[in-house]
$ cat work.cif   # mmCIF, N, CA and C atoms
data_target
#
loop_
_atom_site.label_atom_id
_atom_site.label_comp_id
_atom_site.auth_asym_id
_atom_site.auth_seq_id
_atom_site.Cartn_x
_atom_site.Cartn_y
_atom_site.Cartn_z
N MET Y 1 0.49 29.29 -20.87
CA MET Y 1 0.17 29.31 -22.28
C MET Y 1 -0.91 28.27 -22.55
N ALA Y 2 -2.05 28.68 -23.04
CA ALA Y 2 -3.16 27.78 -23.35
C ALA Y 2 -2.96 27.15 -24.72
N THR Y 3 -3.34 25.90 -24.82
CA THR Y 3 -3.27 25.19 -26.09
C THR Y 3 -4.52 24.33 -26.21
N SER Y 4 -4.94 24.04 -27.42
CA SER Y 4 -6.15 23.25 -27.64
C SER Y 4 -5.81 21.81 -27.98
N THR Y 5 -6.66 20.91 -27.53
CA THR Y 5 -6.57 19.50 -27.87
C THR Y 5 -7.97 18.96 -27.90
N GLN Y 6 -8.14 17.72 -28.31
CA GLN Y 6 -9.48 17.15 -28.46
C GLN Y 6 -9.63 15.94 -27.57
N ILE Y 7 -10.82 15.79 -26.99
CA ILE Y 7 -11.14 14.63 -26.18
C ILE Y 7 -11.63 13.53 -27.12
N ALA Y 8 -11.14 12.30 -26.92
CA ALA Y 8 -11.50 11.19 -27.79
C ALA Y 8 -12.07 10.04 -26.98
N LYS Y 9 -12.87 9.20 -27.61
CA LYS Y 9 -13.42 8.01 -26.97
C LYS Y 9 -12.30 6.99 -26.81
N TRP Y 10 -12.21 6.39 -25.62
CA TRP Y 10 -11.18 5.39 -25.34
C TRP Y 10 -11.85 4.28 -24.54
N GLY Y 11 -12.35 3.26 -25.21
CA GLY Y 11 -13.13 2.22 -24.55
C GLY Y 11 -14.41 2.83 -24.01
N ASN Y 12 -14.69 2.61 -22.72
CA ASN Y 12 -15.87 3.20 -22.09
C ASN Y 12 -15.56 4.55 -21.45
N SER Y 13 -14.34 5.03 -21.65
CA SER Y 13 -13.91 6.29 -21.05
C SER Y 13 -13.62 7.31 -22.13
N LEU Y 14 -13.16 8.46 -21.69
CA LEU Y 14 -12.71 9.50 -22.60
C LEU Y 14 -11.23 9.71 -22.38
N GLY Y 15 -10.50 9.96 -23.45
CA GLY Y 15 -9.07 10.17 -23.36
C GLY Y 15 -8.70 11.58 -23.77
N LEU Y 16 -7.67 12.10 -23.16
CA LEU Y 16 -7.19 13.44 -23.46
C LEU Y 16 -5.71 13.34 -23.81
N ARG Y 17 -5.36 13.73 -25.01
CA ARG Y 17 -3.96 13.70 -25.43
C ARG Y 17 -3.32 15.03 -25.07
N LEU Y 18 -2.22 14.95 -24.32
CA LEU Y 18 -1.52 16.17 -23.92
C LEU Y 18 -0.48 16.54 -24.97
N PRO Y 19 -0.46 17.77 -25.41
CA PRO Y 19 0.60 18.20 -26.31
C PRO Y 19 1.96 18.07 -25.62
N LYS Y 20 2.99 17.78 -26.38
CA LYS Y 20 4.32 17.57 -25.83
C LYS Y 20 4.78 18.76 -24.99
N SER Y 21 4.48 19.98 -25.45
CA SER Y 21 4.92 21.17 -24.72
C SER Y 21 4.29 21.23 -23.32
N VAL Y 22 3.03 20.81 -23.23
CA VAL Y 22 2.33 20.81 -21.93
C VAL Y 22 2.93 19.73 -21.03
N ALA Y 23 3.16 18.53 -21.58
CA ALA Y 23 3.74 17.44 -20.80
C ALA Y 23 5.12 17.82 -20.29
N LEU Y 24 5.93 18.45 -21.13
CA LEU Y 24 7.27 18.87 -20.72
C LEU Y 24 7.20 19.90 -19.59
N GLU Y 25 6.32 20.86 -19.74
CA GLU Y 25 6.20 21.91 -18.72
C GLU Y 25 5.72 21.34 -17.39
N ALA Y 26 4.84 20.32 -17.46
CA ALA Y 26 4.32 19.69 -16.24
C ALA Y 26 5.24 18.57 -15.75
N ARG Y 27 6.33 18.34 -16.47
CA ARG Y 27 7.29 17.27 -16.14
C ARG Y 27 6.61 15.91 -16.09
N LEU Y 28 5.78 15.63 -17.11
CA LEU Y 28 5.08 14.36 -17.23
C LEU Y 28 5.66 13.57 -18.39
N ASP Y 29 5.66 12.24 -18.24
CA ASP Y 29 6.14 11.38 -19.30
C ASP Y 29 5.18 10.20 -19.42
N ALA Y 30 5.27 9.47 -20.51
CA ALA Y 30 4.41 8.30 -20.72
C ALA Y 30 4.55 7.34 -19.55
N GLY Y 31 3.43 6.86 -19.04
CA GLY Y 31 3.44 5.92 -17.93
C GLY Y 31 3.36 6.56 -16.56
N ASP Y 32 3.53 7.88 -16.47
CA ASP Y 32 3.42 8.56 -15.18
C ASP Y 32 1.97 8.49 -14.68
N THR Y 33 1.82 8.49 -13.37
CA THR Y 33 0.49 8.49 -12.75
C THR Y 33 0.12 9.92 -12.40
N VAL Y 34 -1.15 10.27 -12.67
CA VAL Y 34 -1.64 11.61 -12.36
C VAL Y 34 -2.92 11.51 -11.54
N ASN Y 35 -3.20 12.56 -10.79
CA ASN Y 35 -4.48 12.71 -10.10
C ASN Y 35 -5.34 13.65 -10.92
N VAL Y 36 -6.60 13.28 -11.12
CA VAL Y 36 -7.52 14.09 -11.91
C VAL Y 36 -8.68 14.50 -11.01
N SER Y 37 -9.02 15.78 -11.01
CA SER Y 37 -10.13 16.27 -10.21
C SER Y 37 -10.81 17.41 -10.97
N VAL Y 38 -11.92 17.87 -10.41
CA VAL Y 38 -12.64 19.00 -10.99
C VAL Y 38 -12.75 20.07 -9.93
N LYS Y 39 -12.37 21.29 -10.28
CA LYS Y 39 -12.47 22.41 -9.36
C LYS Y 39 -13.12 23.58 -10.08
N ASP Y 40 -14.27 24.01 -9.59
CA ASP Y 40 -15.02 25.11 -10.19
C ASP Y 40 -15.26 24.88 -11.68
N GLY Y 41 -15.57 23.64 -12.03
CA GLY Y 41 -15.89 23.31 -13.42
C GLY Y 41 -14.68 23.09 -14.32
N ALA Y 42 -13.47 23.23 -13.79
CA ALA Y 42 -12.25 23.03 -14.58
C ALA Y 42 -11.63 21.68 -14.23
N ILE Y 43 -11.15 20.98 -15.24
CA ILE Y 43 -10.45 19.71 -15.02
C ILE Y 43 -9.03 20.03 -14.58
N VAL Y 44 -8.61 19.45 -13.45
CA VAL Y 44 -7.27 19.68 -12.92
C VAL Y 44 -6.51 18.35 -12.96
N VAL Y 45 -5.38 18.34 -13.64
CA VAL Y 45 -4.54 17.15 -13.74
C VAL Y 45 -3.21 17.48 -13.08
N ARG Y 46 -2.86 16.71 -12.05
CA ARG Y 46 -1.61 16.95 -11.32
C ARG Y 46 -0.80 15.66 -11.25
N PRO Y 47 0.51 15.76 -11.34
CA PRO Y 47 1.33 14.56 -11.16
C PRO Y 47 1.07 13.97 -9.77
N ALA Y 48 0.93 12.66 -9.71
CA ALA Y 48 0.72 11.99 -8.43
C ALA Y 48 2.05 11.88 -7.72
N GLY Y 49 2.03 12.06 -6.41
CA GLY Y 49 3.25 11.89 -5.63
C GLY Y 49 3.61 10.42 -5.56
N PRO Y 50 4.81 10.12 -5.12
CA PRO Y 50 5.20 8.71 -5.02
C PRO Y 50 4.36 7.99 -3.98
N ALA Y 51 4.08 6.72 -4.24
CA ALA Y 51 3.31 5.90 -3.31
C ALA Y 51 4.29 5.17 -2.40
N TYR Y 52 4.30 5.52 -1.13
CA TYR Y 52 5.17 4.90 -0.15
C TYR Y 52 4.39 3.87 0.66
N SER Y 53 5.05 2.82 1.05
CA SER Y 53 4.46 1.88 2.00
C SER Y 53 5.45 1.76 3.16
N ILE Y 54 4.93 1.44 4.32
CA ILE Y 54 5.80 1.32 5.49
C ILE Y 54 6.84 0.23 5.26
N ASN Y 55 6.44 -0.85 4.59
CA ASN Y 55 7.39 -1.95 4.34
C ASN Y 55 8.53 -1.51 3.43
N SER Y 56 8.22 -0.74 2.38
CA SER Y 56 9.29 -0.31 1.48
C SER Y 56 10.22 0.70 2.17
N LEU Y 57 9.68 1.52 3.05
CA LEU Y 57 10.51 2.49 3.76
C LEU Y 57 11.40 1.80 4.80
N VAL Y 58 10.83 0.87 5.55
CA VAL Y 58 11.61 0.16 6.57
C VAL Y 58 12.70 -0.69 5.92
N ALA Y 59 12.42 -1.23 4.73
CA ALA Y 59 13.41 -2.05 4.04
C ALA Y 59 14.67 -1.26 3.69
N LYS Y 60 14.57 0.05 3.65
CA LYS Y 60 15.72 0.90 3.31
C LYS Y 60 16.58 1.25 4.53
N ILE Y 61 16.16 0.84 5.72
CA ILE Y 61 16.94 1.13 6.93
C ILE Y 61 18.13 0.17 6.98
N THR Y 62 19.31 0.73 7.12
CA THR Y 62 20.53 -0.07 7.24
C THR Y 62 21.27 0.37 8.50
N ARG Y 63 22.29 -0.37 8.88
CA ARG Y 63 23.11 0.05 10.03
C ARG Y 63 23.74 1.41 9.76
N ARG Y 64 24.06 1.68 8.52
CA ARG Y 64 24.75 2.92 8.17
C ARG Y 64 23.84 4.15 8.28
N ASN Y 65 22.55 4.02 7.92
CA ASN Y 65 21.68 5.19 7.97
C ASN Y 65 20.75 5.22 9.18
N ARG Y 66 20.93 4.29 10.09
CA ARG Y 66 20.10 4.26 11.30
C ARG Y 66 20.73 5.17 12.35
N HIS Y 67 19.93 6.04 12.92
CA HIS Y 67 20.41 6.99 13.92
C HIS Y 67 20.39 6.37 15.31
N THR Y 68 21.27 6.85 16.14
CA THR Y 68 21.29 6.39 17.52
C THR Y 68 20.23 7.14 18.32
N GLU Y 69 20.01 6.67 19.53
CA GLU Y 69 19.04 7.31 20.40
C GLU Y 69 19.49 8.72 20.75
N THR Y 70 18.56 9.63 20.83
CA THR Y 70 18.87 11.03 21.15
C THR Y 70 18.61 11.29 22.63
N ASP Y 71 19.60 11.86 23.31
CA ASP Y 71 19.43 12.25 24.70
C ASP Y 71 18.99 13.70 24.73
N TRP Y 72 17.77 13.94 25.14
CA TRP Y 72 17.24 15.30 25.17
C TRP Y 72 17.67 16.04 26.43
N GLY Y 73 18.35 15.34 27.34
CA GLY Y 73 18.90 15.99 28.52
C GLY Y 73 17.88 16.46 29.52
N ALA Y 74 16.70 15.93 29.48
CA ALA Y 74 15.68 16.38 30.40
C ALA Y 74 15.17 15.23 31.26
N SER Y 75 14.70 15.57 32.43
CA SER Y 75 14.08 14.59 33.31
C SER Y 75 12.62 14.41 32.88
N PRO Y 76 12.04 13.25 33.19
CA PRO Y 76 10.63 13.06 32.84
C PRO Y 76 9.76 14.15 33.47
N VAL Y 77 8.79 14.59 32.72
CA VAL Y 77 7.83 15.61 33.19
C VAL Y 77 6.43 15.03 33.00
N GLY Y 78 5.61 15.06 34.03
CA GLY Y 78 4.26 14.53 33.86
C GLY Y 78 4.21 13.03 34.08
N GLN Y 79 3.52 12.32 33.22
CA GLN Y 79 3.25 10.89 33.41
C GLN Y 79 4.13 9.97 32.55
N GLU Y 80 5.26 10.48 32.01
CA GLU Y 80 6.10 9.63 31.17
C GLU Y 80 6.64 8.46 31.96
N VAL Y 81 6.85 7.35 31.26
CA VAL Y 81 7.45 6.16 31.84
C VAL Y 81 8.77 5.95 31.13
N TRP Y 82 9.88 5.91 31.89
CA TRP Y 82 11.21 5.74 31.27
C TRP Y 82 11.77 4.41 31.56
#

$ encode --input "work.cif" --output "structure tokens"
Amino acid sequence: MATSTQIAKWGNSLGLRLPKSVALEARLDAGDTVNVSVKDGAIVVRPAGPAYSINSLVAKITRRNRHTETDWGASPVGQEVW
């Protein structure tokens, strides 16, 4: 469903106000981060995925969720060092 809105001056940039119905359909809320690009002359706004860092992911490893070593049941093939 297309809807109209107006581009406004916002400091040295331009701002685009999203109608509530569009934000709801795109599952966007105030403060969310989006990626903005241009494809074939159309402005594309997509919700940005979560930003992960190796440190934040490793910090979530606990004894409870850490997996044990997996035995693949095979002998080394090729140049592997065991």

$ residues_around --input "work.cif" --residues "stretch 49-58 of chain Y" --least-positions-apart "6" --cutoff "8 Å" --atoms "only N, CA and C atoms" --output "PyMOL selection string"
chain Y and resi 33-35

$ select_by_dssp --input "work.cif" --residues "stretch 38-78 of chain Y" --states "strand (DSSP E or B)" --output "list in words"
Val38, Lys39, Ala42, Ile43, Val44, Val45, Arg46 and Pro47 of chain Y

$ residues_around --input "work.cif" --residues "Y:Gln6" --least-positions-apart "6" --cutoff "8 Å" --atoms "only N, CA and C atoms" --output "PDB file with N, CA and C atoms, in the frame of the given file"
ATOM      1  N   GLY Y  15     -10.500   9.960 -23.450  1.00  0.00           N
ATOM      2  CA  GLY Y  15      -9.070  10.170 -23.360  1.00  0.00           C
ATOM      3  C   GLY Y  15      -8.700  11.580 -23.770  1.00  0.00           C
ATOM      4  N   LEU Y  16      -7.670  12.100 -23.160  1.00  0.00           N
ATOM      5  CA  LEU Y  16      -7.190  13.440 -23.460  1.00  0.00           C
ATOM      6  C   LEU Y  16      -5.710  13.340 -23.810  1.00  0.00           C
ATOM      7  N   ARG Y  17      -5.360  13.730 -25.010  1.00  0.00           N
ATOM      8  CA  ARG Y  17      -3.960  13.700 -25.430  1.00  0.00           C
ATOM      9  C   ARG Y  17      -3.320  15.030 -25.070  1.00  0.00           C
ATOM     10  N   LEU Y  18      -2.220  14.950 -24.320  1.00  0.00           N
ATOM     11  CA  LEU Y  18      -1.520  16.170 -23.920  1.00  0.00           C
ATOM     12  C   LEU Y  18      -0.480  16.540 -24.970  1.00  0.00           C
TER      13      LEU Y  18
END

$ atom_distance --input "work.cif" --atom1 "atom C of Y:Arg46" --atom2 "atom C of Y:Pro19"
14.8 Å

$ closest_residue --input "work.cif" --among "Y:Ser13, Y:Arg66, Y:Trp72, Y:Asp32" --to "Y:Ala48" --atoms "all atoms listed in the file"
Y:Asp32

$ select_by_dssp --input "work.cif" --residues "chain Y" --states "alpha helix (DSSP H)" --output "list in words"
Lys20, Ser21, Val22, Ala23, Leu24, Glu25, Ile54, Asn55, Ser56, Leu57 and Val58 of chain Y

$ axis_aligned_box --input "work.cif" --around "stretch 37-54 of chain Y" --padding-each-side "3 Å" --output "lines of an AutoDock Vina configuration file"
center_x = -4.5
center_y = 12.7
center_z = -4.9
size_x = 28.7
size_y = 30.9
size_z = 26.7

$ atom_distance --input "work.cif" --atom1 "atom C of Y:Thr3" --atom2 "atom N of Y:Val44"
14.3 Å

$ atom_distance --input "work.cif" --atom1 "atom CA of Y:Leu24" --atom2 "atom C of Y:Pro47"
13.5 Å
